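Shown below: model-v1.cif, with mmCIF, C-alpha atoms.
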data_model
#
loop_
_atom_site.group_PDB
_atom_site.id
_atom_site.type_symbol
_atom_site.label_atom_id
_atom_site.label_comp_id
_atom_site.auth_asym_id
_atom_site.auth_seq_id
_atom_site.Cartn_x
_atom_site.Cartn_y
_atom_site.Cartn_z
ATOM 1 C CA MET A 94 -17.356 -41.421 -91.242
ATOM 2 C CA GLN A 95 -15.152 -44.018 -89.645
ATOM 3 C CA LEU A 96 -14.330 -47.685 -90.103
ATOM 4 C CA LYS A 97 -14.058 -50.462 -87.546
ATOM 5 C CA PHE A 98 -13.040 -54.044 -88.326
ATOM 6 C CA PHE A 99 -14.051 -57.255 -86.589
ATOM 7 C CA SER A 100 -12.953 -60.861 -87.022
ATOM 8 C CA ILE A 101 -15.380 -63.395 -85.599
ATOM 9 C CA PRO A 102 -14.676 -67.143 -85.700
ATOM 10 C CA ILE A 103 -17.525 -68.922 -87.409
ATOM 11 C CA PHE A 104 -18.055 -71.543 -84.674
ATOM 12 C CA ALA A 105 -17.370 -69.325 -81.673
ATOM 13 C CA SER A 106 -20.117 -68.658 -79.191
ATOM 14 C CA GLY A 107 -20.392 -65.318 -77.471
ATOM 15 C CA GLU A 108 -17.673 -63.539 -79.412
ATOM 16 C CA GLU A 109 -20.213 -61.668 -81.521
ATOM 17 C CA GLU A 110 -21.384 -59.699 -78.453
ATOM 18 C CA GLU A 111 -18.598 -57.122 -78.914
ATOM 19 C CA LEU A 112 -19.835 -56.503 -82.465
ATOM 20 C CA ASN A 113 -23.472 -56.291 -81.390
ATOM 21 C CA LYS A 114 -22.652 -53.883 -78.580
ATOM 22 C CA PHE A 115 -20.679 -51.691 -80.965
ATOM 23 C CA LEU A 116 -23.475 -51.706 -83.570
ATOM 24 C CA ARG A 117 -25.970 -50.555 -80.935
ATOM 25 C CA SER A 118 -23.703 -47.689 -79.911
ATOM 26 C CA VAL A 119 -23.198 -45.979 -83.276
ATOM 27 C CA LYS A 120 -25.104 -44.888 -86.347
ATOM 28 C CA VAL A 121 -24.292 -47.606 -88.888
ATOM 29 C CA ILE A 122 -23.867 -46.485 -92.492
ATOM 30 C CA ASP A 123 -22.839 -49.800 -94.048
ATOM 31 C CA VAL A 124 -21.672 -53.275 -93.049
ATOM 32 C CA ARG A 125 -19.530 -55.467 -95.290
ATOM 33 C CA ARG A 126 -18.804 -59.064 -94.433
ATOM 34 C CA GLU A 127 -16.733 -61.785 -96.003
ATOM 35 C CA LEU A 128 -16.290 -65.394 -95.019
ATOM 36 C CA VAL A 129 -12.552 -66.007 -94.785
ATOM 37 C CA MET A 130 -11.120 -69.514 -94.909
ATOM 38 C CA ALA A 131 -7.590 -69.953 -93.584
ATOM 39 C CA SER A 132 -6.319 -73.535 -93.420
ATOM 40 C CA GLU A 133 -8.786 -75.319 -91.094
ATOM 41 C CA THR A 134 -10.375 -72.254 -89.540
ATOM 42 C CA ALA A 135 -13.101 -69.996 -90.842
ATOM 43 C CA CYS A 136 -14.145 -66.576 -89.647
ATOM 44 C CA TRP A 137 -16.246 -63.619 -90.651
ATOM 45 C CA ALA A 138 -14.268 -60.517 -91.557
ATOM 46 C CA ILE A 139 -16.610 -57.605 -90.897
ATOM 47 C CA CYS A 140 -16.086 -53.968 -91.794
ATOM 48 C CA VAL A 141 -18.465 -51.398 -90.280
ATOM 49 C CA LEU A 142 -18.737 -47.914 -91.766
ATOM 50 C CA PHE A 143 -20.275 -45.699 -89.088
ATOM 51 C CA MET A 144 -20.870 -42.223 -87.748
ATOM 52 C CA PRO A 145 -20.100 -41.777 -84.054
ATOM 53 C CA HIS A 146 -22.728 -40.076 -81.921
ATOM 54 C CA ALA A 147 -21.923 -36.579 -80.719
ATOM 55 C CA GLY A 148 -19.442 -36.736 -77.864
ATOM 56 C CA ASP A 149 -18.184 -40.229 -78.689
ATOM 57 C CA SER A 150 -14.422 -40.506 -78.882
ATOM 58 C CA PHE A 151 -13.560 -43.795 -80.530
ATOM 59 C CA GLY A 152 -10.021 -44.869 -80.029
ATOM 60 C CA SER A 153 -10.021 -43.487 -76.494
ATOM 61 C CA THR A 154 -9.059 -45.972 -73.815
ATOM 62 C CA ALA A 155 -11.299 -44.328 -71.215
ATOM 63 C CA GLN A 156 -14.518 -46.227 -70.671
ATOM 64 C CA SER A 157 -17.587 -44.360 -69.504
ATOM 65 C CA THR A 158 -19.724 -45.967 -66.836
ATOM 66 C CA ALA A 159 -22.725 -43.905 -67.923
ATOM 67 C CA PRO A 160 -25.396 -45.706 -69.955
ATOM 68 C CA ARG A 161 -24.897 -45.497 -73.726
ATOM 69 C CA THR A 162 -27.257 -43.071 -75.414
ATOM 70 C CA TYR A 163 -28.559 -43.205 -78.945
ATOM 71 C CA GLY A 164 -30.544 -41.164 -81.434
ATOM 72 C CA GLY A 165 -28.692 -37.886 -80.885
ATOM 73 C CA ARG A 166 -31.156 -36.729 -78.221
ATOM 74 C CA GLY A 167 -29.461 -38.317 -75.240
ATOM 75 C CA ARG A 168 -31.926 -41.211 -75.012
ATOM 76 C CA ILE A 169 -30.731 -44.182 -72.993
ATOM 77 C CA ASP A 170 -30.463 -47.667 -74.450
ATOM 78 C CA TYR A 171 -32.253 -49.626 -71.728
ATOM 79 C CA ARG A 172 -31.006 -52.940 -73.156
ATOM 80 C CA GLU A 173 -27.631 -51.958 -71.687
ATOM 81 C CA VAL A 174 -28.942 -50.489 -68.439
ATOM 82 C CA LEU A 175 -31.287 -53.337 -67.477
ATOM 83 C CA SER A 176 -30.580 -57.041 -67.176
ATOM 84 C CA THR A 177 -32.118 -59.334 -69.781
ATOM 85 C CA ASP A 178 -34.961 -60.328 -67.432
ATOM 86 C CA GLU A 179 -35.556 -56.701 -66.433
ATOM 87 C CA PHE A 180 -35.629 -55.623 -70.075
ATOM 88 C CA VAL A 181 -38.372 -58.186 -70.796
ATOM 89 C CA ILE A 182 -40.484 -56.656 -68.007
ATOM 90 C CA PHE A 183 -39.625 -53.141 -69.228
ATOM 91 C CA THR A 184 -40.874 -54.053 -72.719
ATOM 92 C CA GLU A 185 -44.135 -55.409 -71.337
ATOM 93 C CA LEU A 186 -44.623 -52.259 -69.244
ATOM 94 C CA ARG A 187 -44.115 -50.177 -72.390
ATOM 95 C CA THR A 188 -46.936 -52.147 -74.035
ATOM 96 C CA ILE A 189 -49.239 -51.356 -71.109
ATOM 97 C CA ARG A 190 -48.212 -47.693 -71.273
ATOM 98 C CA LYS A 191 -48.958 -47.600 -75.002
ATOM 99 C CA GLN A 192 -52.451 -49.019 -74.470
ATOM 100 C CA LEU A 193 -53.200 -46.414 -71.800
ATOM 101 C CA SER A 194 -51.853 -43.588 -73.953
ATOM 102 C CA GLU A 195 -53.914 -44.686 -76.957
ATOM 103 C CA ASN A 196 -57.057 -44.946 -74.808
ATOM 104 C CA ASP A 197 -56.529 -41.390 -73.533
ATOM 105 C CA GLY A 198 -55.231 -39.963 -76.815
ATOM 106 C CA VAL A 199 -51.933 -38.770 -75.335
ATOM 107 C CA PRO A 200 -48.292 -39.557 -76.173
ATOM 108 C CA PRO A 201 -46.857 -42.534 -74.221
ATOM 109 C CA TYR A 202 -44.391 -40.350 -72.292
ATOM 110 C CA VAL A 203 -47.327 -38.498 -70.717
ATOM 111 C CA VAL A 204 -48.382 -41.735 -69.009
ATOM 112 C CA PHE A 205 -44.839 -42.675 -67.883
ATOM 113 C CA THR A 206 -41.426 -41.942 -69.360
ATOM 114 C CA ASP A 207 -38.962 -44.727 -70.163
ATOM 115 C CA ALA A 208 -36.884 -43.604 -67.170
ATOM 116 C CA GLU A 209 -39.917 -43.945 -64.904
ATOM 117 C CA LEU A 210 -40.669 -47.401 -66.329
ATOM 118 C CA ALA A 211 -37.060 -48.434 -65.710
ATOM 119 C CA GLU A 212 -37.379 -47.309 -62.084
ATOM 120 C CA ILE A 213 -40.554 -49.369 -61.711
ATOM 121 C CA VAL A 214 -38.698 -52.389 -63.081
ATOM 122 C CA LYS A 215 -35.749 -51.834 -60.710
ATOM 123 C CA MET A 216 -38.146 -51.659 -57.733
ATOM 124 C CA GLY A 217 -39.607 -55.028 -58.711
ATOM 125 C CA GLU A 218 -43.179 -53.995 -58.012
ATOM 126 C CA CYS A 219 -45.791 -51.498 -59.070
ATOM 127 C CA THR A 220 -48.097 -50.253 -56.359
ATOM 128 C CA LEU A 221 -49.509 -46.794 -55.790
ATOM 129 C CA GLU A 222 -47.081 -46.407 -52.878
ATOM 130 C CA SER A 223 -44.056 -47.446 -54.939
ATOM 131 C CA LEU A 224 -45.054 -45.052 -57.740
ATOM 132 C CA LYS A 225 -44.913 -42.146 -55.267
ATOM 133 C CA LYS A 226 -41.193 -42.841 -54.746
ATOM 134 C CA ILE A 227 -40.299 -42.277 -58.414
ATOM 135 C CA LYS A 228 -38.932 -38.901 -59.426
ATOM 136 C CA GLY A 229 -41.292 -37.307 -61.954
ATOM 137 C CA VAL A 230 -44.362 -39.269 -60.903
ATOM 138 C CA GLY A 231 -46.649 -36.842 -59.134
ATOM 139 C CA VAL A 232 -50.093 -37.007 -57.611
ATOM 140 C CA GLY A 233 -51.821 -36.118 -60.889
ATOM 141 C CA LYS A 234 -50.128 -38.918 -62.806
ATOM 142 C CA ILE A 235 -50.869 -41.398 -60.048
ATOM 143 C CA GLU A 236 -54.533 -40.328 -59.919
ATOM 144 C CA LYS A 237 -54.941 -40.515 -63.691
ATOM 145 C CA TYR A 238 -52.924 -43.647 -64.525
ATOM 146 C CA GLY A 239 -51.759 -45.224 -61.265
ATOM 147 C CA ILE A 240 -54.554 -47.704 -60.609
ATOM 148 C CA ARG A 241 -54.960 -48.881 -64.207
ATOM 149 C CA PHE A 242 -51.213 -49.160 -64.763
ATOM 150 C CA SER A 243 -50.393 -50.830 -61.437
ATOM 151 C CA GLU A 244 -53.097 -53.487 -61.941
ATOM 152 C CA GLU A 245 -51.645 -54.531 -65.305
ATOM 153 C CA ALA A 246 -48.019 -54.119 -64.212
ATOM 154 C CA SER A 247 -48.628 -56.310 -61.150
ATOM 155 C CA LYS A 248 -49.682 -59.117 -63.514
ATOM 156 C CA VAL A 249 -46.410 -58.702 -65.431
ATOM 157 C CA PHE A 250 -44.354 -58.887 -62.224
ATOM 158 C CA ALA A 251 -46.319 -61.930 -61.021
ATOM 159 C CA LYS A 252 -45.734 -63.681 -64.343
ATOM 160 C CA ALA A 253 -41.998 -62.875 -64.154
ATOM 161 C CA ARG A 254 -41.764 -64.246 -60.597
ATOM 162 C CA GLU A 255 -43.588 -67.419 -61.646
ATOM 163 C CA SER A 256 -41.245 -67.850 -64.608
ATOM 164 C CA ALA A 257 -38.203 -67.376 -62.354
ATOM 165 C CA LYS A 258 -39.527 -70.066 -59.970
ATOM 166 C CA LYS A 259 -39.958 -72.498 -62.869
ATOM 167 C CA ASP A 260 -36.420 -71.758 -64.060
ATOM 168 C CA GLU A 261 -35.076 -72.423 -60.546
ATOM 169 C CA LYS A 262 -36.845 -75.795 -60.402
ATOM 170 C CA ASN A 263 -35.491 -76.755 -63.821
ATOM 171 C CA ASP A 264 -31.954 -75.894 -62.719
ATOM 172 C CA MET A 265 -32.059 -78.261 -59.719
ATOM 173 C CA PRO A 266 -29.703 -81.221 -60.177
ATOM 174 C CA PHE A 267 -32.100 -83.807 -58.725
#

Reformat the file's structure so that it appears as structure tokens.
Amino acid sequence: MQLKFFSIPIFASGEEEELNKFLRSVKVIDVRRELVMASETACWAICVLFMPHAGDSFGSTAQSTAPRTYGGRGRIDYREVLSTDEFVIFTELRTIRKQLSENDGVPPYVVFTDAELAEIVKMGECTLESLKKIKGVGVGKIEKYGIRFSEEASKVFAKARESAKKDEKNDMPF
């Protein structure tokens, strides 16, 4: 087990992201926090007791560009790989996948793996033609799940595009 300490100003915005990123990257055993008052400033003093994942070398200055994995099985944390907007779509596609898997009585990864869903998100569309371009998605998977999945996924992409257009209009200065 190892310890890591954080000091986060109480009224700071955005400084807690380093802590959140760290917490997602390790197996947390315990977190202790204290509110510390020093003259006119206040901050949280946070101590994290954690177990590093296999292969992690904390204290090393080398930063990996590979996506952070979790769970000890080499699974990728897609919150770090995808943008916030992409992760929202990814989550909705997982819901569709779950419904299909429950209907057919198979595990969700049989329908599409998380990696395949992430590729669909990155492509920005879900058609039968685009599914053919994804490594691991063969003819059998497309025949069995392609039409049902692409119909629902297309609705998700359309909703995301509509939301993005609304956000653009709201950001206009006039």

So which residues touch segment 97-114 of chain A within 7 Å, counting all atoms listed in the file, skipping near sequence neighbours fewer than 3 positions away, as a list of chain:residue names?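 Listing them by chain and then by number gives A:Arg117, A:Ser118, A:Ala135, A:Cys136, A:Trp137, A:Ala138, A:Ile139, A:Cys140, A:Val141, A:Leu142.
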
So, counting all atoms listed in the file, which residue among A:Leu193, A:Val232, A:Val121, A:Val174 is closest to Ala208 of chain A?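 Under the stated criterion, the closest residue is A:Val174.
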
For segment 143-145 of chain A, please output as a VMD selection string all residues within 7 Å (counting all atoms listed in the file; exclusion window: fewer than 3 positions along the same chain). chain A and resid 94 to 96 119 to 123 149

Expand the PyMOL selection byres ((chain A and resi 213) around 10) into the explicit residue set it covers here, and present it as a ChimeraX atom specification. /A:182-183,186,207-212,214-220,223-224,226-227,243,246

Residues returned when the PyMOL selection byres ((chain A and resi 235-238) around 9) runs on this file, as a list in words: Leu193, Val204, Phe205, Leu221, Leu224, Lys225, Val230, Gly231, Val232, Gly233, Lys234, Gly239, Ile240, Arg241, Phe242 and Ser243 of chain A

Quick one: distance from atom CA of Glu245 of chain A to atom CA of Ala257 of chain A in Å, one decimal?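 About the pair atom CA of Glu245 of chain A and atom CA of Ala257 of chain A: they are 18.8 Å apart.
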
Which one is closest to Glu185 of chain A: A:Ala253, A:Val203, A:Leu116, A:Val124? Count all atoms listed in the file.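 For Glu185 of chain A, the nearest of the candidates is A:Ala253.
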
Interatomic distance between atom CA of Gly198 of chain A and atom CA of Val181 of chain A? 25.5 Å
